[in-house]
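Source file: final.txt. Holds: compact mmCIF, C-alpha atoms.
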# COMPACT_ATOMS: atom_id res chain seq x y z
CA MET A 117 70.61 -310.44 64.40
CA THR A 118 73.17 -308.63 62.23
CA GLN A 119 70.45 -306.81 60.27
CA TRP A 120 69.17 -305.17 63.44
CA SER A 121 72.32 -303.09 63.73
CA GLY A 122 71.52 -301.46 60.38
CA TYR A 123 67.98 -300.68 61.46
CA LEU A 124 69.20 -299.44 64.81
CA GLY A 125 71.44 -296.99 62.91
CA LEU A 126 68.36 -295.77 61.07
CA ILE A 127 66.53 -295.21 64.35
CA LEU A 128 69.50 -293.40 65.86
CA GLN A 129 69.58 -291.10 62.82
CA GLY A 130 65.94 -290.36 63.55
CA ALA A 131 66.81 -289.66 67.17
CA LEU A 132 69.34 -287.08 65.98
CA VAL A 133 66.66 -285.31 63.93
CA THR A 134 64.29 -285.39 66.91
CA ILE A 135 66.94 -283.88 69.19
CA GLU A 136 67.76 -281.22 66.60
CA LEU A 137 64.06 -280.32 66.25
CA THR A 138 63.60 -280.22 70.01
CA LEU A 139 66.56 -277.88 70.50
CA MET A 140 65.65 -275.52 67.68
CA GLY A 141 61.98 -275.56 68.61
CA SER A 142 62.85 -274.83 72.24
CA VAL A 143 64.95 -271.81 71.28
CA LEU A 144 62.13 -270.36 69.18
CA ALA A 145 59.60 -271.21 71.92
CA LEU A 146 61.74 -269.46 74.54
CA VAL A 147 62.01 -266.30 72.43
CA MET A 148 58.27 -266.29 71.71
CA ALA A 149 57.46 -267.01 75.36
CA PHE A 150 59.35 -263.97 76.58
CA LEU A 151 58.07 -261.72 73.80
CA ALA A 152 54.43 -262.71 74.29
CA GLY A 153 54.60 -263.18 78.05
CA MET A 154 56.06 -259.74 78.63
CA GLY A 155 53.73 -258.36 75.96
CA ARG A 156 50.78 -259.52 78.05
CA VAL A 157 51.90 -257.41 81.00
CA SER A 158 52.70 -254.41 78.80
CA ARG A 159 51.40 -250.91 79.50
CA PHE A 160 50.14 -250.54 75.95
CA PHE A 161 46.77 -251.95 75.01
CA ILE A 162 47.81 -252.76 71.44
CA VAL A 163 50.80 -254.84 72.59
CA ARG A 164 48.62 -256.71 75.08
CA ALA A 165 46.02 -257.37 72.37
CA ILE A 166 48.59 -258.76 69.92
CA ALA A 167 50.16 -260.98 72.57
CA THR A 168 46.76 -262.27 73.74
CA THR A 169 45.65 -263.02 70.18
CA TYR A 170 48.85 -264.92 69.49
CA ILE A 171 48.54 -266.96 72.68
CA GLU A 172 44.85 -267.76 72.29
CA PHE A 173 45.28 -268.68 68.64
CA PHE A 174 48.16 -271.07 69.15
CA ARG A 175 46.77 -272.64 72.30
CA GLY A 176 43.33 -272.95 70.75
CA THR A 177 44.26 -275.00 67.70
CA SER A 178 46.25 -278.17 67.87
CA ILE A 179 49.90 -278.46 66.92
CA PHE A 180 49.01 -280.93 64.21
CA VAL A 181 46.68 -278.52 62.45
CA GLN A 182 49.22 -275.69 62.74
CA LEU A 183 51.95 -277.87 61.28
CA PHE A 184 49.80 -278.87 58.32
CA TRP A 185 48.79 -275.31 57.82
CA ALA A 186 52.42 -274.16 57.82
CA TYR A 187 53.46 -276.93 55.45
CA PHE A 188 50.56 -277.07 53.01
CA VAL A 189 48.84 -273.68 53.07
CA LEU A 190 51.75 -271.24 53.42
CA PRO A 191 53.24 -272.29 50.04
CA PHE A 192 50.08 -270.93 48.38
CA ALA A 193 50.77 -267.64 50.09
CA GLY A 194 54.19 -267.68 48.45
CA LEU A 195 56.13 -268.92 51.49
CA SER A 196 57.55 -272.36 50.86
CA LEU A 197 59.06 -274.07 53.87
CA THR A 198 61.08 -277.23 54.07
CA PRO A 199 59.61 -279.84 56.44
CA LEU A 200 62.28 -278.98 59.03
CA GLN A 201 61.51 -275.25 58.87
CA ALA A 202 57.76 -275.87 59.06
CA GLY A 203 58.31 -278.21 62.01
CA VAL A 204 60.48 -275.80 63.97
CA LEU A 205 58.11 -272.92 63.21
CA ALA A 206 54.96 -274.77 64.28
CA LEU A 207 56.53 -276.37 67.36
CA GLY A 208 58.20 -273.15 68.50
CA LEU A 209 55.13 -270.99 68.04
CA ASN A 210 52.82 -273.55 69.65
CA VAL A 211 54.88 -274.32 72.73
CA GLY A 212 55.92 -270.65 72.92
CA ALA A 213 52.26 -269.74 73.43
CA TYR A 214 51.96 -272.13 76.37
CA ALA A 215 55.25 -270.96 77.85
CA ALA A 216 54.20 -267.31 77.45
CA GLU A 217 51.52 -267.89 80.07
CA VAL A 218 54.21 -269.28 82.36
CA VAL A 219 56.31 -266.14 81.87
CA ARG A 220 53.31 -263.93 82.58
CA GLY A 221 52.35 -265.91 85.68
CA ALA A 222 55.90 -265.81 87.04
CA ILE A 223 56.27 -262.06 86.46
CA LEU A 224 52.94 -261.37 88.15
CA SER A 225 53.85 -263.63 91.07
CA ILE A 226 56.74 -261.35 92.08
CA GLY A 227 55.60 -259.33 95.05
CA ARG A 228 54.55 -255.69 94.85
CA GLU A 229 57.35 -254.68 97.17
CA GLN A 230 59.92 -255.68 94.56
CA TYR A 231 58.35 -253.32 92.04
CA GLU A 232 58.18 -250.59 94.65
CA ALA A 233 61.84 -251.18 95.48
CA CYS A 234 62.66 -250.71 91.79
CA THR A 235 60.84 -247.38 91.82
CA ALA A 236 62.57 -246.37 95.04
CA LEU A 237 65.97 -247.12 93.46
CA ASN A 238 64.96 -245.04 90.46
CA LEU A 239 65.31 -247.95 88.07
CA GLY A 240 63.58 -247.63 84.72
CA ARG A 241 60.95 -250.17 83.73
CA TRP A 242 63.37 -252.14 81.61
CA GLN A 243 66.20 -251.92 84.18
CA GLY A 244 63.91 -253.09 86.95
CA MET A 245 62.70 -255.97 84.81
CA ARG A 246 66.24 -256.96 83.82
CA HIS A 247 67.97 -256.70 87.21
CA VAL A 248 65.27 -257.29 89.81
CA ILE A 249 62.13 -258.99 88.50
CA LEU A 250 63.38 -261.46 85.87
CA PRO A 251 66.19 -263.02 87.95
CA GLN A 252 63.59 -263.98 90.54
CA ALA A 253 60.85 -264.86 88.06
CA LEU A 254 63.18 -267.09 86.03
CA LEU A 255 63.54 -269.50 88.93
CA ILE A 256 59.76 -269.81 89.20
CA MET A 257 59.41 -270.40 85.46
CA LEU A 258 62.10 -273.05 85.22
CA PRO A 259 60.24 -276.20 86.39
CA THR A 260 57.27 -275.45 84.13
CA PHE A 261 59.62 -274.68 81.25
CA GLY A 262 61.01 -278.17 81.77
CA ASN A 263 57.52 -279.62 81.40
CA ASN A 264 56.99 -277.51 78.30
CA ALA A 265 60.24 -278.78 76.81
CA ILE A 266 59.09 -282.36 77.37
CA GLU A 267 55.75 -281.52 75.72
CA LEU A 268 57.74 -280.11 72.80
CA LEU A 269 59.83 -283.27 72.58
CA LYS A 270 56.65 -285.33 72.46
CA ALA A 271 55.09 -283.03 69.90
CA THR A 272 58.06 -283.48 67.54
CA SER A 273 56.68 -286.92 66.69
CA VAL A 274 53.97 -285.16 64.67
CA VAL A 275 56.50 -283.91 62.10
CA SER A 276 56.85 -287.50 60.87
CA LEU A 277 53.47 -286.91 59.19
CA ILE A 278 54.94 -284.20 56.95
CA SER A 279 57.68 -286.63 55.90
CA LEU A 280 60.47 -285.39 58.13
CA ALA A 281 62.66 -288.38 59.04
CA ASP A 282 62.50 -288.17 62.84
CA LEU A 283 62.32 -291.06 65.33
CA THR A 284 58.66 -291.85 64.69
CA PHE A 285 59.18 -291.72 60.93
CA GLN A 286 62.13 -294.10 61.10
CA ALA A 287 60.12 -296.47 63.27
CA GLN A 288 57.52 -296.60 60.49
CA VAL A 289 60.27 -297.17 57.91
CA VAL A 290 61.69 -300.07 59.92
CA ARG A 291 58.20 -301.48 60.40
CA SER A 292 57.42 -301.39 56.68
CA GLN A 293 60.80 -302.87 55.74
CA THR A 294 60.96 -305.70 58.27
CA GLY A 295 57.33 -306.31 59.10
CA SER A 296 58.43 -306.44 62.70
CA THR A 297 56.39 -304.07 64.87
CA LEU A 298 57.43 -304.58 68.47
CA MET A 299 61.14 -303.87 68.04
CA PRO A 300 60.92 -300.49 66.25
CA PHE A 301 58.06 -299.04 68.28
CA LEU A 302 59.27 -300.23 71.66
CA SER A 303 62.82 -298.98 71.07
CA VAL A 304 61.49 -295.62 69.86
CA LEU A 305 59.26 -295.31 72.93
CA VAL A 306 62.25 -296.03 75.17
CA ILE A 307 64.40 -293.45 73.36
CA TYR A 308 61.72 -290.78 73.76
CA PHE A 309 61.40 -291.62 77.43
CA VAL A 310 65.16 -291.42 77.98
CA LEU A 311 65.25 -288.04 76.21
CA ALA A 312 62.41 -286.83 78.45
CA LEU A 313 64.31 -288.03 81.53
CA ILE A 314 67.42 -286.18 80.35
CA ILE A 315 65.41 -282.96 79.93
CA SER A 316 63.84 -283.19 83.38
CA TRP A 317 67.21 -284.03 84.94
CA GLY A 318 68.87 -281.12 83.12
CA VAL A 319 66.19 -278.67 84.22
CA ARG A 320 66.45 -279.84 87.82
CA SER A 321 70.21 -279.35 87.95
CA LEU A 322 69.87 -275.96 86.24
CA GLU A 323 67.31 -275.02 88.87
CA ARG A 324 69.72 -275.97 91.66
CA ARG A 325 72.47 -273.88 90.05
CA MET A 326 70.25 -270.85 89.66
CA ALA A 327 68.83 -271.12 93.15
CA ARG A 328 72.34 -270.72 94.56
CA GLY A 329 72.72 -267.38 96.25
CA LEU A 330 68.99 -266.82 96.32
CA ASP A 331 68.52 -268.69 99.62
CA GLY A 332 66.42 -266.73 102.01
CA VAL A 333 65.42 -264.20 99.35
CA ARG A 334 62.20 -266.05 98.66
CA VAL A 335 60.41 -268.89 100.31
CA MET B 73 45.27 -269.47 44.92
CA GLU B 74 42.18 -267.66 46.10
CA TRP B 75 39.73 -268.52 48.84
CA ASP B 76 36.65 -270.09 47.21
CA TRP B 77 33.35 -270.07 49.13
CA ASN B 78 31.64 -272.46 46.70
CA PHE B 79 34.31 -275.02 47.39
CA VAL B 80 33.81 -274.47 51.12
CA TRP B 81 30.09 -275.33 50.87
CA GLU B 82 30.89 -278.29 48.67
CA ILE B 83 33.24 -279.89 51.20
CA MET B 84 31.24 -278.93 54.30
CA PRO B 85 29.18 -282.18 54.53
CA THR B 86 32.34 -284.31 54.41
CA LEU B 87 33.98 -282.22 57.11
CA ILE B 88 30.90 -282.39 59.32
CA GLN B 89 31.06 -286.19 59.15
CA GLY B 90 34.62 -285.87 60.39
CA VAL B 91 33.54 -283.53 63.18
CA LYS B 92 31.11 -286.18 64.45
CA ILE B 93 33.90 -288.76 64.72
CA THR B 94 36.21 -286.20 66.35
CA ILE B 95 33.61 -285.44 69.01
CA LEU B 96 32.77 -289.12 69.49
CA ALA B 97 36.47 -289.94 69.99
CA THR B 98 36.85 -287.08 72.46
CA VAL B 99 33.83 -288.10 74.53
CA LEU B 100 34.77 -291.79 74.65
CA GLY B 101 38.41 -290.92 75.30
CA SER B 102 37.43 -288.60 78.15
CA VAL B 103 35.30 -291.27 79.81
CA LEU B 104 38.13 -293.77 79.51
CA ALA B 105 40.70 -291.24 80.76
CA GLY B 106 38.48 -290.49 83.74
CA ILE B 107 38.30 -294.16 84.67
CA VAL B 108 41.95 -295.00 83.92
CA GLY B 109 43.11 -291.95 85.86
CA LEU B 110 41.12 -292.94 88.93
CA ALA B 111 42.42 -296.50 88.70
CA ILE B 112 46.04 -295.29 88.45
CA ALA B 113 45.58 -292.82 91.30
CA LEU B 114 44.11 -295.53 93.54
CA ALA B 115 46.77 -298.08 92.56
CA ARG B 116 49.52 -295.58 93.40
CA ARG B 117 48.09 -295.31 96.91
CA SER B 118 48.11 -299.06 97.31
CA PRO B 119 49.83 -300.27 100.48
CA ASN B 120 51.56 -302.92 98.35
CA ARG B 121 54.84 -301.23 97.40
CA SER B 122 55.44 -303.27 94.24
CA VAL B 123 52.00 -302.37 92.87
CA SER B 124 52.30 -298.66 93.59
CA ARG B 125 55.89 -298.52 92.29
CA SER B 126 55.24 -300.33 89.02
CA VAL B 127 52.05 -298.40 88.29
CA GLY B 128 53.91 -295.17 89.06
CA TRP B 129 56.68 -296.06 86.62
CA PHE B 130 54.23 -297.15 83.97
CA ALA B 131 52.35 -293.84 84.23
CA GLU B 132 55.62 -291.93 84.12
CA PHE B 133 56.63 -293.82 80.98
CA ILE B 134 53.33 -293.13 79.22
CA ARG B 135 53.53 -289.46 80.12
CA GLY B 136 57.10 -289.16 78.83
CA THR B 137 56.44 -290.60 75.38
CA PRO B 138 54.47 -289.17 72.45
CA LEU B 139 50.82 -290.06 71.96
CA LEU B 140 51.44 -290.65 68.24
CA VAL B 141 53.94 -293.45 68.89
CA GLN B 142 51.62 -294.97 71.48
CA LEU B 143 48.82 -294.96 68.92
CA TYR B 144 51.10 -296.71 66.43
CA PHE B 145 52.04 -299.18 69.13
CA ILE B 146 48.41 -300.03 69.86
CA PHE B 147 47.45 -300.11 66.22
CA TYR B 148 50.40 -302.09 64.82
CA VAL B 149 51.86 -304.16 67.66
CA LEU B 150 48.75 -305.50 69.36
CA PRO B 151 47.48 -307.32 66.21
CA ASP B 152 50.72 -309.37 66.30
CA ILE B 153 49.67 -310.87 69.62
CA GLY B 154 46.17 -311.52 68.33
CA ILE B 155 44.33 -308.38 69.44
CA LEU B 156 42.86 -306.80 66.32
CA LEU B 157 41.23 -303.45 67.06
CA PRO B 158 39.24 -301.20 64.74
CA PRO B 159 41.05 -297.85 64.27
CA LEU B 160 38.57 -295.83 66.32
CA VAL B 161 38.76 -298.23 69.27
CA ALA B 162 42.57 -298.20 69.13
CA GLY B 163 42.47 -294.41 69.02
CA VAL B 164 40.13 -294.12 71.98
CA ILE B 165 42.27 -296.53 74.01
CA GLY B 166 45.38 -294.50 73.13
CA LEU B 167 43.76 -291.20 74.09
CA GLY B 168 42.24 -292.64 77.26
CA LEU B 169 45.46 -294.25 78.41
CA HIS B 170 47.65 -291.23 77.63
CA TYR B 171 45.39 -288.68 79.27
CA GLY B 172 44.55 -291.13 82.06
CA THR B 173 48.11 -290.70 83.30
CA TYR B 174 47.53 -286.93 83.41
CA THR B 175 44.13 -287.12 85.11
CA ALA B 176 45.68 -289.52 87.65
CA GLU B 177 47.75 -286.59 88.93
CA VAL B 178 44.59 -284.49 89.22
CA TYR B 179 42.87 -287.23 91.21
CA ARG B 180 45.94 -287.64 93.38
CA ALA B 181 46.03 -283.94 94.24
CA GLY B 182 42.28 -283.92 94.85
CA ILE B 183 42.42 -286.93 97.16
CA ASP B 184 45.43 -285.53 99.04
CA ASN B 185 43.45 -282.34 99.57
CA VAL B 186 40.78 -284.08 101.64
CA PRO B 187 41.70 -283.31 105.23
CA ARG B 188 43.00 -286.09 107.48
CA GLY B 189 40.10 -285.55 109.86
CA GLN B 190 37.70 -286.89 107.25
CA TRP B 191 39.58 -290.19 107.12
CA GLU B 192 39.60 -290.41 110.86
CA ALA B 193 35.88 -289.55 111.03
CA ALA B 194 35.14 -292.32 108.53
CA LYS B 195 37.09 -294.72 110.67
CA ALA B 196 35.28 -293.52 113.80
CA CYS B 197 31.94 -294.15 112.08
CA ASN B 198 33.11 -297.71 111.42
CA LEU B 199 32.86 -297.38 107.63
CA ASN B 200 34.69 -300.02 105.65
CA GLY B 201 37.19 -299.15 102.90
CA ARG B 202 34.70 -299.04 100.04
CA HIS B 203 32.18 -296.94 101.97
CA THR B 204 34.88 -294.54 103.10
CA TRP B 205 35.83 -293.92 99.46
CA THR B 206 32.35 -293.73 97.96
CA HIS B 207 30.58 -291.79 100.71
CA VAL B 208 33.25 -289.63 102.35
CA ILE B 209 36.42 -289.11 100.33
CA LEU B 210 35.40 -289.04 96.66
CA PRO B 211 32.32 -286.78 97.06
CA GLN B 212 34.58 -284.17 98.65
CA ALA B 213 37.59 -284.77 96.42
CA ILE B 214 35.92 -284.70 93.01
CA PRO B 215 34.19 -281.26 92.73
CA PRO B 216 37.42 -279.22 93.11
CA MET B 217 39.04 -281.45 90.45
CA ILE B 218 36.41 -280.75 87.80
CA PRO B 219 38.04 -277.65 86.23
CA ALA B 220 41.43 -279.37 86.04
CA LEU B 221 39.89 -282.49 84.53
CA ALA B 222 37.98 -280.40 81.99
CA ASN B 223 41.26 -278.72 81.07
CA TYR B 224 42.78 -282.07 80.13
CA PHE B 225 39.70 -283.11 78.20
CA ILE B 226 40.03 -279.95 76.12
CA ALA B 227 43.70 -280.75 75.58
CA MET B 228 42.67 -284.24 74.49
CA PHE B 229 40.17 -282.78 72.05
CA LYS B 230 43.01 -280.85 70.43
CA GLU B 231 45.06 -284.05 70.10
CA THR B 232 42.36 -286.00 68.25
CA PRO B 233 43.79 -285.04 64.80
CA LEU B 234 46.58 -287.51 65.61
CA LEU B 235 44.03 -290.30 65.16
CA SER B 236 44.14 -289.59 61.43
CA ALA B 237 47.59 -291.22 61.44
CA ILE B 238 45.99 -294.56 62.31
CA THR B 239 43.32 -294.14 59.61
CA VAL B 240 40.43 -292.98 61.80
CA LEU B 241 38.22 -290.87 59.53
CA GLU B 242 37.95 -287.88 61.84
CA LEU B 243 37.97 -284.22 60.85
CA MET B 244 41.67 -283.94 59.99
CA ASN B 245 41.63 -287.09 57.87
CA GLN B 246 38.52 -285.98 55.99
CA ALA B 247 40.15 -282.60 55.37
CA LYS B 248 43.32 -284.30 54.12
CA SER B 249 41.44 -286.59 51.77
CA VAL B 250 39.41 -283.66 50.42
CA ALA B 251 42.60 -281.66 49.98
CA ASN B 252 44.34 -284.50 48.18
CA THR B 253 41.39 -285.12 45.89
CA TYR B 254 40.98 -281.54 44.70
CA TYR B 255 44.54 -280.41 45.42
CA ARG B 256 43.20 -277.42 47.34
CA TYR B 257 44.70 -277.12 50.80
CA ILE B 258 43.73 -273.60 51.84
CA GLU B 259 40.03 -274.15 52.52
CA PRO B 260 40.03 -277.57 54.23
CA MET B 261 43.07 -276.88 56.44
CA THR B 262 41.87 -273.41 57.40
CA LEU B 263 38.40 -274.73 58.18
CA VAL B 264 39.86 -277.43 60.42
CA GLY B 265 41.91 -274.77 62.22
CA ALA B 266 38.88 -272.48 62.55
CA PHE B 267 36.77 -275.35 63.86
CA PHE B 268 39.30 -276.19 66.57
CA LEU B 269 39.75 -272.53 67.46
CA VAL B 270 35.99 -271.95 67.82
CA ILE B 271 35.49 -275.06 69.94
CA SER B 272 38.46 -274.27 72.18
CA LEU B 273 37.41 -270.66 72.69
CA CYS B 274 33.93 -271.89 73.67
CA SER B 275 35.43 -274.49 75.97
CA VAL B 276 37.64 -271.84 77.60
CA MET B 277 34.44 -270.00 78.52
CA LEU B 278 32.94 -273.23 79.84
CA LEU B 279 36.12 -273.76 81.83
CA ARG B 280 35.89 -270.30 83.43
CA TRP B 281 32.31 -271.11 84.45
CA LEU B 282 33.35 -274.49 85.88
CA GLU B 283 36.11 -272.78 87.83
CA ARG B 284 33.61 -270.36 89.38
CA ARG B 285 31.14 -273.15 90.08
CA TYR B 286 33.46 -275.87 91.46
CA GLY B 287 36.95 -274.38 91.70
CA ARG B 288 36.62 -273.04 95.22
CA ILE B 289 37.50 -275.43 97.95
CA GLU B 290 35.02 -274.63 100.67
CA ARG B 291 36.01 -275.52 104.15

Give the structure from this file in structure tokens form.
Amino acid sequence: MTQWSGYLGLILQGALVTIELTLMGSVLALVMAFLAGMGRVSRFFIVRAIATTYIEFFRGTSIFVQLFWAYFVLPFAGLSLTPLQAGVLALGLNVGAYAAEVVRGAILSIGREQYEACTALNLGRWQGMRHVILPQALLIMLPTFGNNAIELLKATSVVSLISLADLTFQAQVVRSQTGSTLMPFLSVLVIYFVLALIISWGVRSLERRMARGLDGVRV
Amino acid sequence: MEWDWNFVWEIMPTLIQGVKITILATVLGSVLAGIVGLAIALARRSPNRSVSRSVGWFAEFIRGTPLLVQLYFIFYVLPDIGILLPPLVAGVIGLGLHYGTYTAEVYRAGIDNVPRGQWEAAKACNLNGRHTWTHVILPQAIPPMIPALANYFIAMFKETPLLSAITVLELMNQAKSVANTYYRYIEPMTLVGAFFLVISLCSVMLLRWLERRYGRIER
């Protein structure tokens, strides 16, 4: 049984890479979601068109294809990425496109009267967005963002195919070194599940915190 | 490296072979997901608490872990207990099981949407359990679910490249082998991306039509 501890260390190293990827990918996804989501409700046609193209493109092709494209094709265009950079880029842009639709939906779901109130208070478009619309919309986005983060966590497993040593990759390493299959794959599945539980728990408590003081403002 | 149309025509037949397998896997996976989802949704409504609890946890676990690791699990662990599956079958089972847990939620929502009065009417007409389901509840519950189900089948279609990791010769795997043979990544990878983009844009249109046709819940 002593050898298992060594292999367990290997798997935990992989877990660290997976967590790192998930965090970095989530940050990029969040930035892209707000850029593209607010771009889709822009006044300017050209901004709307760019945001829509970005969203349709990244939702229309699978994360796997995007990752391979970023890793294998971009070098020919003179842009060489390390596996980690390619992974974060593909994951962030892909999940960002899904989350952008969440941002758009939440902004549009804020009632007309709120926008009218902004006009009545003589707030500029940006000021109204920043102080009135987004604080309310954020609460609506949060649960779906949690789901998106879990999707991102699950999608990180794909980076093992471009030789980044994440959880899934380490499971394969352990499998090829020991010939044992149940132990590595089952433990990796459990780790992924625990990480997903942590995300959904974190999002729920964040939601409770943010809902404080908004009681009675919205149903 | 420049884009080369001659090379594109040269590799086209190989890619089209891959497309066939991709579509076959999607269709079979969708059928399986439809059945598994219904089974999970019905089991979760079971009056037996231990059945509904354990199925609920199982579905939650599958949904919280990556499809890629599940595919590895099916492909590498099951042979150890004597179940040897061809790659495509393992892939279809993986897809069907994973997306079955998603479609189960769609079924659940659809079934919950059937008004209570329908159940009571079925009881008043002295229909037994099976007849209540097949003649009263499901015919009303299923049409509004169709757009949501189709949405997941499109999502599944975009996940089929993962099957290349367990040696199914679908589109992505064919593209990879072509790319590795000629050491040209631009054309195969871009074509795979374009193929997925075209199919998903078409399926978005199909989805809009389905939503118009079935999406309304008429009362």

*Taking into account only C-alpha atoms, which residue in the set B:Leu269, B:Ile214, B:Ile107, B:Ile134 is nearest to chain A?*
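When distances to chain A are compared using only C-alpha atoms, the smallest one comes from B:Leu269.
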
*Point out the residue among A:Thr198, A:Gln252, A:Ser121, A:Ser296 with the least atom-to-atom distance to chain B, counting only C-alpha atoms.*
A:Ser296

Would you tabulate, counting only C-alpha atoms, all residues of chain A that have an atom at most 7 Å from an atom of chain B, showing the closest pair of atoms and their distance in Å to one decimal, sorted by chain then ascending number, as a tab-separated table?
residue	atom	partner	partner_atom	distance
A:Phe173	CA	B:Leu269	CA	6.8
A:Gly176	CA	B:Leu269	CA	4.9
A:Thr177	CA	B:Leu269	CA	5.1
A:Ser178	CA	B:Lys230	CA	4.9
A:Phe180	CA	B:Pro233	CA	6.7
A:Val181	CA	B:Gly265	CA	6.1
A:Trp185	CA	B:Met261	CA	6.1
A:Phe188	CA	B:Tyr257	CA	6.3
A:Val189	CA	B:Ile258	CA	5.3
A:Phe192	CA	B:Met73	CA	6.1
A:Lys270	CA	B:Pro138	CA	4.4
A:Ala271	CA	B:Pro138	CA	6.7
A:Ser273	CA	B:Pro138	CA	6.6
A:Thr284	CA	B:Val141	CA	6.5
A:Thr297	CA	B:Val149	CA	5.3
A:Leu298	CA	B:Val149	CA	5.6
A:Phe301	CA	B:Phe145	CA	6.1
A:Leu305	CA	B:Thr137	CA	6.0
A:Tyr308	CA	B:Thr137	CA	5.5
A:Phe309	CA	B:Gly136	CA	5.1
A:Ala312	CA	B:Gly136	CA	5.8

*Quick one: residues within 10 Å of B:Arg285, all atoms listed in the file counted, chain neighbours fewer than 2 positions away excluded, as a PyMOL selection string?*
chain B and resi 215-216+218-219+279-283+287-288

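In this structure, atom CA of B:Asp184 sits 9.8 Å away from atom CA of B:Ile209.
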
*Which is closest to B:Ala111 among B:Phe225, B:Tyr179, B:Phe79, B:Trp191, if we use only C-alpha atoms?*
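Among the listed residues, B:Tyr179 lies closest to B:Ala111.
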
*What is the distance, in Å and to one decimal place, between atom CA of A:Val289 and atom CA of A:Leu126?*
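Going from atom CA of A:Val289 over to atom CA of A:Leu126 covers 8.8 Å.
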
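Taking atom CA of B:Cys197 and atom CA of B:Leu210 as endpoints, the distance between them is 16.6 Å.
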
*Pick the closest to A:Gly125 from A:Pro300, A:Pro251, A:Gly194, A:Gly153: which is it, counting only C-alpha atoms?*
A:Pro300

*Mind checking which residues fall within 12 Å of A:Glu232, counting all atoms listed in the file, ignoring those fewer than 6 positions away in the same chain, and posting them as a list in words?*
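Near neighbours after the sequence-gap exclusion: Ile226, Asn238, Leu239, Gly240, Arg241, Gly244, Val248 and Ile249 of chain A.
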
*Neighbours of stretch 214-225 of chain A within 10 Å (only C-alpha atoms; same-chain residues fewer than 6 positions away dropped), as a PyMOL selection string?*
chain A and resi 145-157+167-168+170-172+174-175+245+249-250+252-258+260-261+263-265
